file final28.txt (compact mmCIF, C-alpha atoms)
# COMPACT_ATOMS: atom_id res chain seq x y z
CA MET W 1 16.12 -16.97 22.88
CA ALA W 2 15.18 -13.77 24.68
CA THR W 3 12.66 -14.32 27.47
CA HIS W 4 11.00 -10.92 27.07
CA GLU W 5 8.75 -10.87 24.04
CA SER W 6 9.14 -7.87 21.70
CA PRO W 7 5.95 -5.93 21.04
CA MET W 8 4.64 -6.24 17.51
CA ARG W 9 6.08 -3.27 15.60
CA TYR W 10 3.05 -2.57 13.42
CA GLU W 11 -0.14 -3.55 15.19
CA GLU W 12 -2.79 -1.91 13.05
CA ASP W 13 -6.46 -2.11 13.93
CA GLY W 14 -9.66 -0.53 12.56
CA ASN W 15 -11.12 -1.43 9.20
CA VAL W 16 -9.31 -3.46 6.55
CA HIS W 17 -9.00 -2.19 2.97
CA LEU W 18 -8.42 -5.33 0.92
CA ASP W 19 -8.36 -3.41 -2.37
CA PHE W 20 -4.75 -2.51 -1.53
CA HIS W 21 -3.92 -6.05 -2.65
CA GLY W 22 -5.20 -5.08 -6.10
CA ALA W 23 -2.79 -2.13 -6.12
CA THR W 24 0.00 -4.50 -5.08
CA ASN W 25 -0.85 -6.74 -8.04
CA THR W 26 -0.81 -3.77 -10.44
CA THR W 27 2.49 -2.66 -8.93
CA ILE W 28 4.11 -6.06 -9.38
CA ASP W 29 2.99 -6.22 -13.03
CA PHE W 30 4.32 -2.68 -13.61
CA ILE W 31 7.74 -3.25 -12.04
CA VAL W 32 8.28 -6.68 -13.60
CA GLU W 33 7.27 -5.47 -17.06
CA ARG W 34 9.46 -2.36 -16.96
CA PHE W 35 12.41 -3.35 -14.80
CA GLY W 36 12.36 -7.14 -14.56
CA VAL W 37 11.85 -9.71 -11.84
CA ASP W 38 15.22 -9.00 -10.22
CA ALA W 39 14.21 -5.39 -9.54
CA MET W 40 10.92 -6.52 -8.02
CA ASP W 41 12.72 -9.08 -5.87
CA ALA W 42 15.18 -6.42 -4.68
CA ILE W 43 12.28 -4.21 -3.55
CA PHE W 44 10.63 -7.10 -1.70
CA ARG W 45 13.93 -7.90 -0.01
CA LYS W 46 14.24 -4.27 1.03
CA VAL W 47 10.77 -4.47 2.57
CA GLY W 48 11.87 -7.57 4.46
CA ARG W 49 15.06 -5.99 5.72
CA ASP W 50 13.98 -2.38 6.35
CA VAL W 51 10.22 -2.26 6.93
CA TYR W 52 10.36 -5.45 8.97
CA ALA W 53 13.65 -4.58 10.68
CA SER W 54 12.14 -5.29 14.08
CA ILE W 55 11.11 -8.84 13.17
CA ARG W 56 14.48 -9.38 11.53
CA SER W 57 16.28 -8.14 14.62
CA ASP W 58 14.31 -10.60 16.74
CA LEU W 59 15.11 -13.45 14.35
CA ILE W 60 18.80 -12.58 14.46
CA ALA W 61 18.52 -12.78 18.27
CA GLY W 62 16.94 -16.23 17.89
CA ASP W 63 13.38 -15.12 18.63
CA THR W 64 10.59 -16.13 16.23
CA ARG W 65 7.68 -14.94 18.35
CA GLN W 66 7.10 -11.52 16.77
CA LEU W 67 6.89 -13.04 13.31
CA VAL W 68 4.41 -15.67 14.47
CA ARG W 69 2.33 -12.99 16.20
CA GLN W 70 2.37 -10.93 13.02
CA TRP W 71 1.17 -13.91 11.00
CA ARG W 72 -1.72 -14.50 13.41
CA HIS W 73 -2.68 -10.83 13.73
CA PHE W 74 -2.82 -10.02 10.04
CA PHE W 75 -4.17 -13.33 8.71
CA ASP W 76 -6.96 -13.02 11.30
CA ARG W 77 -7.65 -9.41 10.29
CA GLU W 78 -7.95 -10.43 6.65
CA GLY W 79 -10.03 -13.55 7.37
CA ALA W 80 -7.59 -16.04 5.86
CA GLU W 81 -7.88 -19.77 6.41
CA TYR W 82 -4.66 -20.94 7.98
CA ASP W 83 -3.00 -22.97 10.73
CA ILE W 84 0.24 -22.51 12.60
CA GLU W 85 1.96 -25.53 14.08
CA ILE W 86 4.78 -24.81 16.49
CA GLY W 87 7.04 -27.84 16.76
CA ALA W 88 10.35 -28.49 18.44
CA ASP W 89 12.35 -28.12 15.22
CA GLU W 90 10.20 -25.96 13.02
CA ILE W 91 7.22 -23.65 12.84
CA VAL W 92 4.86 -24.31 9.97
CA LEU W 93 2.31 -21.83 8.66
CA THR W 94 -0.16 -23.51 6.32
CA VAL W 95 -2.29 -21.05 4.36
CA ARG W 96 -5.26 -22.87 2.86
CA ARG W 97 -7.00 -19.76 1.53
CA CYS W 98 -5.03 -16.55 1.17
CA THR W 99 -7.40 -13.59 1.30
CA ALA W 100 -5.01 -11.39 -0.67
CA TRP W 101 -4.70 -13.79 -3.62
CA HIS W 102 -8.44 -14.50 -3.80
CA HIS W 103 -9.37 -10.83 -3.43
CA VAL W 104 -7.17 -9.93 -6.41
CA LYS W 105 -8.56 -12.82 -8.42
CA GLY W 106 -12.10 -11.60 -7.74
CA LEU W 107 -11.23 -7.96 -8.38
CA VAL W 108 -9.28 -8.15 -11.63
CA GLY W 109 -9.43 -11.78 -12.71
CA HIS W 110 -5.68 -11.90 -13.20
CA VAL W 111 -3.21 -12.57 -10.42
CA SER W 112 0.39 -11.83 -11.31
CA PRO W 113 2.52 -14.98 -11.52
CA HIS W 114 4.88 -13.06 -9.23
CA PHE W 115 2.21 -12.14 -6.67
CA CYS W 116 3.39 -14.64 -4.07
CA ASP W 117 6.99 -13.49 -4.45
CA GLN W 118 6.06 -10.79 -1.93
CA THR W 119 5.87 -13.57 0.65
CA SER W 120 8.87 -15.63 -0.46
CA ARG W 121 11.30 -12.74 -0.86
CA THR W 122 10.32 -10.82 2.27
CA ASN W 123 10.55 -14.05 4.30
CA GLU W 124 14.04 -14.71 2.96
CA ALA W 125 15.14 -11.15 3.70
CA MET W 126 13.75 -11.15 7.24
CA ALA W 127 15.70 -14.33 7.95
CA GLU W 128 18.99 -13.04 6.44
CA GLY W 129 21.81 -13.23 8.96
CA SER W 130 19.65 -15.06 11.48
CA PRO W 131 19.92 -18.65 12.70
CA PHE W 132 16.71 -19.40 10.79
CA ALA W 133 15.67 -20.01 7.22
CA ILE W 134 12.11 -19.28 6.15
CA ASP W 135 11.10 -21.34 3.16
CA THR W 136 7.91 -20.61 1.25
CA GLU W 137 6.31 -23.31 -0.87
CA ILE W 138 3.37 -22.33 -3.06
CA THR W 139 1.02 -25.29 -2.82
CA GLY W 140 -1.80 -24.06 -5.05
CA GLU W 141 -3.79 -21.00 -6.05
CA GLY W 142 -3.88 -18.78 -2.98
CA ALA W 143 -2.31 -21.48 -0.84
CA CYS W 144 1.16 -21.93 0.57
CA ARG W 145 3.26 -23.46 3.30
CA GLN W 146 5.81 -21.31 5.13
CA VAL W 147 8.38 -23.04 7.32
CA ILE W 148 10.71 -21.43 9.85
CA ALA W 149 13.53 -23.81 10.74
CA ARG W 150 17.02 -23.46 12.14
CA ARG W 151 19.65 -23.50 9.45
CA ALA W 152 21.66 -26.71 9.27
CA MET B 1 1.76 -11.79 2.27
CA ILE B 2 2.38 -8.14 2.83
CA PRO B 3 -0.78 -7.32 4.79
CA SER B 4 -3.10 -4.74 3.26
CA ASP B 5 -2.47 -2.76 6.47
CA HIS B 6 1.19 -2.51 5.42
CA PHE B 7 0.58 -1.63 1.77
CA THR B 8 1.59 2.00 2.19
CA ARG B 9 5.00 1.00 3.56
CA PHE B 10 5.47 -1.23 0.50
CA TYR B 11 4.23 1.65 -1.71
CA ASN B 12 6.88 3.87 -0.09
CA GLU B 13 9.63 1.45 -1.13
CA ILE B 14 8.26 1.38 -4.68
CA PHE B 15 8.34 5.18 -4.84
CA LYS B 16 11.95 5.27 -3.63
CA PHE B 17 12.98 2.75 -6.28
CA LEU B 18 11.12 4.57 -9.07
CA GLU B 19 12.47 7.96 -8.05
CA SER B 20 15.96 6.48 -8.43
CA GLN B 21 14.98 5.54 -12.02
CA GLY B 22 13.85 9.07 -12.93
CA GLU B 23 10.73 11.21 -12.95
CA GLU B 24 9.32 9.50 -16.06
CA ALA B 25 9.26 6.14 -14.25
CA LEU B 26 7.48 7.62 -11.26
CA GLU B 27 4.86 9.33 -13.41
CA ALA B 28 4.29 6.20 -15.49
CA TYR B 29 3.62 4.31 -12.27
CA TRP B 30 1.13 6.88 -10.99
CA LEU B 31 -0.68 6.56 -14.31
CA ALA B 32 -0.74 2.75 -13.92
CA ILE B 33 -2.22 3.12 -10.43
CA SER B 34 -4.68 5.69 -11.76
CA LYS B 35 -5.82 3.19 -14.38
CA ASN B 36 -6.16 0.55 -11.65
CA GLN B 37 -8.27 2.92 -9.56
CA GLU B 38 -10.63 3.65 -12.44
CA ARG B 39 -12.40 0.38 -11.72
CA HIS B 40 -13.38 1.76 -8.31
CA ILE B 41 -14.32 5.35 -9.14
CA LEU B 42 -14.71 6.06 -12.87
CA ASP B 43 -18.28 4.81 -13.26
CA LEU B 44 -19.37 6.71 -10.14
CA ILE B 45 -17.99 9.95 -11.56
CA GLN B 46 -19.35 9.41 -15.05
CA THR B 47 -22.84 8.61 -13.81
CA GLN B 48 -23.14 10.81 -10.71
CA GLY B 49 -20.44 13.48 -10.96
CA LEU B 50 -19.47 15.13 -7.68
CA ALA B 51 -22.08 13.03 -5.85
CA GLY B 52 -20.34 9.89 -7.10
CA MET B 53 -17.00 11.18 -5.83
CA TYR B 54 -18.63 11.90 -2.48
CA GLU B 55 -19.92 8.32 -2.37
CA TYR B 56 -16.48 6.90 -3.22
CA TRP B 57 -14.58 8.92 -0.63
CA SER B 58 -17.24 8.35 2.03
CA HIS B 59 -16.53 4.63 1.61
CA ILE B 60 -12.75 5.17 1.61
CA LYS B 61 -12.98 7.33 4.73
CA ILE B 62 -14.42 4.38 6.64
CA GLU B 63 -12.48 1.53 5.06
CA GLU B 64 -9.07 3.24 5.23
CA ASN B 65 -9.69 4.67 8.71
CA CYS B 66 -9.25 8.29 7.61
CA ASP B 67 -9.76 11.24 9.92
CA MET B 68 -11.26 13.26 7.09
CA ASP B 69 -14.07 15.78 6.65
CA LEU B 70 -16.01 15.67 3.39
CA ASP B 71 -17.89 18.77 2.34
CA PHE B 72 -20.09 18.31 -0.70
CA ASN B 73 -22.11 21.01 -2.38
CA GLU B 74 -23.38 21.45 -5.89
CA ASP B 75 -20.31 23.17 -7.31
CA ARG B 76 -17.47 21.41 -5.51
CA LEU B 77 -16.35 18.60 -3.26
CA GLU B 78 -13.82 19.28 -0.52
CA LEU B 79 -11.79 16.55 1.18
CA ARG B 80 -10.10 17.87 4.28
CA MET B 81 -7.71 15.22 5.55
CA ASN B 82 -7.03 15.90 9.23
CA VAL B 83 -4.91 12.79 9.79
CA CYS B 84 -3.92 10.85 6.69
CA PRO B 85 -3.51 7.16 7.57
CA SER B 86 -1.30 6.56 4.54
CA LEU B 87 1.43 9.12 5.34
CA SER B 88 1.03 8.41 9.07
CA LYS B 89 1.98 4.77 8.51
CA VAL B 90 4.85 5.70 6.22
CA MET B 91 6.20 7.98 8.95
CA ASP B 92 5.64 5.31 11.62
CA ASN B 93 8.04 3.02 9.84
CA ASP B 94 11.46 1.48 10.38
CA ALA B 95 12.23 2.32 6.74
CA ALA B 96 12.80 5.93 5.72
CA PRO B 97 9.87 7.80 4.15
CA MET B 98 10.17 8.93 0.55
CA GLU B 99 10.26 12.73 0.73
CA ARG B 100 7.63 13.16 -1.99
CA TYR B 101 5.31 10.45 -0.72
CA CYS B 102 2.26 12.76 -0.85
CA ASP B 103 2.71 13.37 -4.58
CA HIS B 104 1.22 9.98 -5.45
CA CYS B 105 -2.27 11.05 -4.41
CA ALA B 106 -2.44 13.82 -7.00
CA GLY B 107 -0.57 11.45 -9.31
CA TRP B 108 -3.47 8.99 -9.50
CA ILE B 109 -6.50 11.23 -8.82
CA GLY B 110 -5.50 14.09 -11.16
CA PRO B 111 -5.52 12.04 -14.39
CA ILE B 112 -9.00 10.69 -13.57
CA MET B 113 -10.27 14.25 -13.03
CA ASP B 114 -8.74 15.30 -16.35
CA LYS B 115 -10.41 12.36 -18.06
CA THR B 116 -13.83 13.14 -16.58
CA GLY B 117 -13.75 16.93 -17.03
CA TYR B 118 -13.28 18.00 -13.41
CA HIS B 119 -10.68 20.34 -11.96
CA MET B 120 -8.73 19.41 -8.86
CA VAL B 121 -6.90 21.74 -6.51
CA TYR B 122 -4.73 19.61 -4.28
CA ASP B 123 -3.05 21.52 -1.43
CA VAL B 124 -0.55 19.24 0.33
CA ILE B 125 0.20 22.06 2.81
CA ASP B 126 3.39 20.36 4.09
CA ARG B 127 4.80 17.05 2.87
CA THR B 128 5.97 16.15 6.37
CA LYS B 129 2.54 16.43 7.95
CA PRO B 130 -0.27 13.91 7.37
CA GLN B 131 -2.87 16.46 6.38
CA CYS B 132 -4.03 18.04 3.13
CA VAL B 133 -7.01 19.67 1.45
CA THR B 134 -8.33 18.63 -1.94
CA ARG B 135 -11.04 20.56 -3.72
CA ILE B 136 -12.67 19.35 -6.92
CA PHE B 137 -14.66 21.69 -9.14
CA LYS B 138 -16.67 21.38 -12.32
CA ASP B 139 -16.00 25.03 -13.16
CA PRO B 140 -12.33 25.62 -14.13
CA ASP B 141 -12.48 29.28 -13.13
CA LYS B 142 -13.46 28.37 -9.57
CA ALA B 143 -10.55 25.92 -9.46
CA ARG B 144 -8.08 28.56 -10.64
CA GLU B 145 -9.40 30.93 -7.98
CA ALA B 146 -9.03 28.26 -5.28
CA GLU B 147 -5.42 27.61 -6.33
CA LYS B 148 -4.50 31.10 -5.14
CA SER B 149 -5.00 30.18 -1.49
CA ALA B 150 -3.10 26.87 -1.62
CA GLN B 151 0.04 26.60 0.51
CA LEU B 152 1.73 23.80 -1.44
CA LEU B 153 -0.10 23.15 -4.67
CA MET B 154 0.46 19.73 -6.21
CA GLY B 155 0.48 18.86 -9.91
CA TRP B 156 0.28 15.50 -11.68
CA PRO B 157 1.22 13.95 -15.01
CA GLY B 158 -0.02 16.29 -17.72
CA HIS B 159 -0.82 19.07 -15.26
CA LYS B 160 2.28 20.82 -13.96
CA VAL B 161 2.02 23.65 -11.46
CA GLY B 162 4.45 26.25 -10.17
call {"tool": "encode", "arguments": {"input": "final28.txt", "output": "structure tokens"}}
result
Amino acid sequence: MATHESPMRYEEDGNVHLDFHGATNTTIDFIVERFGVDAMDAIFRKVGRDVYASIRSDLIAGDTRQLVRQWRHFFDREGAEYDIEIGADEIVLTVRRCTAWHHVKGLVGHVSPHFCDQTSRTNEAMAEGSPFAIDTEITGEGACRQVIARRA
Amino acid sequence: MIPSDHFTRFYNEIFKFLESQGEEALEAYWLAISKNQERHILDLIQTQGLAGMYEYWSHIKIEENCDMDLDFNEDRLELRMNVCPSLSKVMDNDAAPMERYCDHCAGWIGPIMDKTGYHMVYDVIDRTKPQCVTRIFKDPDKAREAEKSAQLLMGWPGHKVG
């Protein structure tokens, strides 16, 4: 693993506009209804590969630190309830209360059944071609477990 | 989770996909977003008119970290975006910006103005620069007059320009 830590590519600060999660929910419903789940998944994978190219590049180089920093930075900004355990063999992010999911639920009452695909698919795409797999398990409403582990 | 801070970069990927599917797909999406946004702004406009719009965008200016001047008087509201955070993020991006990224703003606001009886003049100025000027009038004649000084006038579904 590289010894010099990459800076976080997108380190936004200022105020947080949680209503964007409502627009994401509307977008997912729109794309899935018109073009199908595969099209939505392809867009999420593109986000993982292209928008998060810097994290992906680090993962390919064997460095998980930028992704973990991003998790901390943005879950803190959005006031999520979560823990990150960094072990010898795996890194586990446990989200007990996802702000995005609960904000959408409060805003529109309906959360797309594909809402959490944004996490699963972008994680998979960021890890593509790297020594790591990132598995996302949805453990409940607005709750999940994300595990970074070296591929067998 | 794609953080709310990164929504515009996700939005950019959606626009690129929809553009590849044709103009009708892009316009249908703007209308879906417009419908979504009605829950935030429609009641304000219907009950308070231009003052309600001023209240909405005053809130957005803070929450979305906009460098924007709002000028409200009895016959029009002007939004002068000095540094648009949305396009700025899309340009500060490892993924390529969609060339018509700015069009989405007129795409969702315009239909709400049509629905509520207001007239929008949206001057993008230059799609590669994160700045624009939007003026909203109650009087259609004043809007038509304002269109004459626009540098890059933007239309929306049901309201083509140029």
call {"tool": "interface_residues", "arguments": {"input": "final28.txt", "of": "chain W", "to": "chain B", "cutoff": "8 Å", "atoms": "all atoms listed in the file", "output": "mmCIF file with C-alpha atoms, in the frame of the given file"}}
result
data_model
loop_
_atom_site.group_PDB
_atom_site.id
_atom_site.type_symbol
_atom_site.label_atom_id
_atom_site.label_comp_id
_atom_site.auth_asym_id
_atom_site.auth_seq_id
_atom_site.Cartn_x
_atom_site.Cartn_y
_atom_site.Cartn_z
ATOM 1 C CA GLU W 12 -2.790 -1.910 13.050
ATOM 2 C CA GLY W 14 -9.660 -0.530 12.560
ATOM 3 C CA ASN W 15 -11.120 -1.430 9.200
ATOM 4 C CA VAL W 16 -9.310 -3.460 6.550
ATOM 5 C CA HIS W 17 -9.000 -2.190 2.970
ATOM 6 C CA LEU W 18 -8.420 -5.330 0.920
ATOM 7 C CA ASP W 19 -8.360 -3.410 -2.370
ATOM 8 C CA PHE W 20 -4.750 -2.510 -1.530
ATOM 9 C CA HIS W 21 -3.920 -6.050 -2.650
ATOM 10 C CA GLY W 22 -5.200 -5.080 -6.100
ATOM 11 C CA ALA W 23 -2.790 -2.130 -6.120
ATOM 12 C CA THR W 24 0.000 -4.500 -5.080
ATOM 13 C CA THR W 26 -0.810 -3.770 -10.440
ATOM 14 C CA THR W 27 2.490 -2.660 -8.930
ATOM 15 C CA PHE W 30 4.320 -2.680 -13.610
ATOM 16 C CA ILE W 43 12.280 -4.210 -3.550
ATOM 17 C CA LYS W 46 14.240 -4.270 1.030
ATOM 18 C CA VAL W 47 10.770 -4.470 2.570
ATOM 19 C CA ASP W 50 13.980 -2.380 6.350
ATOM 20 C CA VAL W 51 10.220 -2.260 6.930
ATOM 21 C CA TYR W 52 10.360 -5.450 8.970
ATOM 22 C CA ALA W 53 13.650 -4.580 10.680
ATOM 23 C CA SER W 54 12.140 -5.290 14.080
ATOM 24 C CA PHE W 74 -2.820 -10.020 10.040
ATOM 25 C CA PHE W 75 -4.170 -13.330 8.710
ATOM 26 C CA ALA W 100 -5.010 -11.390 -0.670
ATOM 27 C CA CYS W 116 3.390 -14.640 -4.070
ATOM 28 C CA GLN W 118 6.060 -10.790 -1.930
ATOM 29 C CA THR W 119 5.870 -13.570 0.650
#
call {"tool": "residues_around", "arguments": {"input": "final28.txt", "residues": "region 129-139 of chain W", "least_positions_apart": "5", "cutoff": "9 Å", "atoms": "only C-alpha atoms", "output": "PDB file with C-alpha atoms, keeping the file's coordinate frame"}}
result
ATOM      1  CA  ARG W  56      14.480  -9.380  11.530  1.00  0.00           C
ATOM      2  CA  SER W  57      16.280  -8.140  14.620  1.00  0.00           C
ATOM      3  CA  ASP W  58      14.310 -10.600  16.740  1.00  0.00           C
ATOM      4  CA  LEU W  59      15.110 -13.450  14.350  1.00  0.00           C
ATOM      5  CA  ILE W  60      18.800 -12.580  14.460  1.00  0.00           C
ATOM      6  CA  ALA W  61      18.520 -12.780  18.270  1.00  0.00           C
ATOM      7  CA  GLY W  62      16.940 -16.230  17.890  1.00  0.00           C
ATOM      8  CA  THR W  64      10.590 -16.130  16.230  1.00  0.00           C
ATOM      9  CA  VAL W  95      -2.290 -21.050   4.360  1.00  0.00           C
ATOM     10  CA  ARG W  96      -5.260 -22.870   2.860  1.00  0.00           C
ATOM     11  CA  CYS W 116       3.390 -14.640  -4.070  1.00  0.00           C
ATOM     12  CA  THR W 119       5.870 -13.570   0.650  1.00  0.00           C
ATOM     13  CA  SER W 120       8.870 -15.630  -0.460  1.00  0.00           C
ATOM     14  CA  ARG W 121      11.300 -12.740  -0.860  1.00  0.00           C
ATOM     15  CA  ASN W 123      10.550 -14.050   4.300  1.00  0.00           C
ATOM     16  CA  GLU W 124      14.040 -14.710   2.960  1.00  0.00           C
ATOM     17  CA  CYS W 144       1.160 -21.930   0.570  1.00  0.00           C
ATOM     18  CA  ARG W 145       3.260 -23.460   3.300  1.00  0.00           C
ATOM     19  CA  GLN W 146       5.810 -21.310   5.130  1.00  0.00           C
ATOM     20  CA  VAL W 147       8.380 -23.040   7.320  1.00  0.00           C
ATOM     21  CA  ILE W 148      10.710 -21.430   9.850  1.00  0.00           C
ATOM     22  CA  ALA W 149      13.530 -23.810  10.740  1.00  0.00           C
ATOM     23  CA  ARG W 150      17.020 -23.460  12.140  1.00  0.00           C
ATOM     24  CA  ARG W 151      19.650 -23.500   9.450  1.00  0.00           C
ATOM     25  CA  ALA W 152      21.660 -26.710   9.270  1.00  0.00           C
TER      26      ALA W 152
END
call {"tool": "closest_residue", "arguments": {"input": "final28.txt", "among": "B:Ile136, B:Ile41, B:Ile109, B:Met98", "to": "Asn73 (chain B)", "atoms": "all atoms listed in the file"}}
result
B:Ile136
call {"tool": "atom_distance", "arguments": {"input": "final28.txt", "atom1": "CA of Asp75 (chain B)", "atom2": "CA of Glu147 (chain B)"}}
result
15.6 Å
call {"tool": "residues_around", "arguments": {"input": "final28.txt", "residues": "region 66-69 of chain W", "least_positions_apart": "2", "cutoff": "7 Å", "atoms": "all atoms listed in the file", "output": "PyMOL selection string"}}
result
chain W and resi 6+8+55+64+71-73
call {"tool": "atom_distance", "arguments": {"input": "final28.txt", "atom1": "CA of Ala146 (chain B)", "atom2": "CA of Cys84 (chain B)"}}
result
21.7 Å
call {"tool": "atom_distance", "arguments": {"input": "final28.txt", "atom1": "CA of Gly140 (chain W)", "atom2": "CA of Pro113 (chain W)"}}
result
12.0 Å
call {"tool": "residues_around", "arguments": {"input": "final28.txt", "residues": "Ser149 (chain B)", "least_positions_apart": "5", "cutoff": "12 Å", "atoms": "only C-alpha atoms", "output": "ChimeraX atom specification"}}
result
/B:121-125,133,135,142-144
call {"tool": "axis_aligned_box", "arguments": {"input": "final28.txt", "around": "region 97-102 of chain B", "padding_each_side": "6 Å", "output": "JSON"}}
result
{"center_x": 6.3, "center_y": 10.5, "center_z": 1.1, "size_x": 20.0, "size_y": 17.4, "size_z": 18.1}
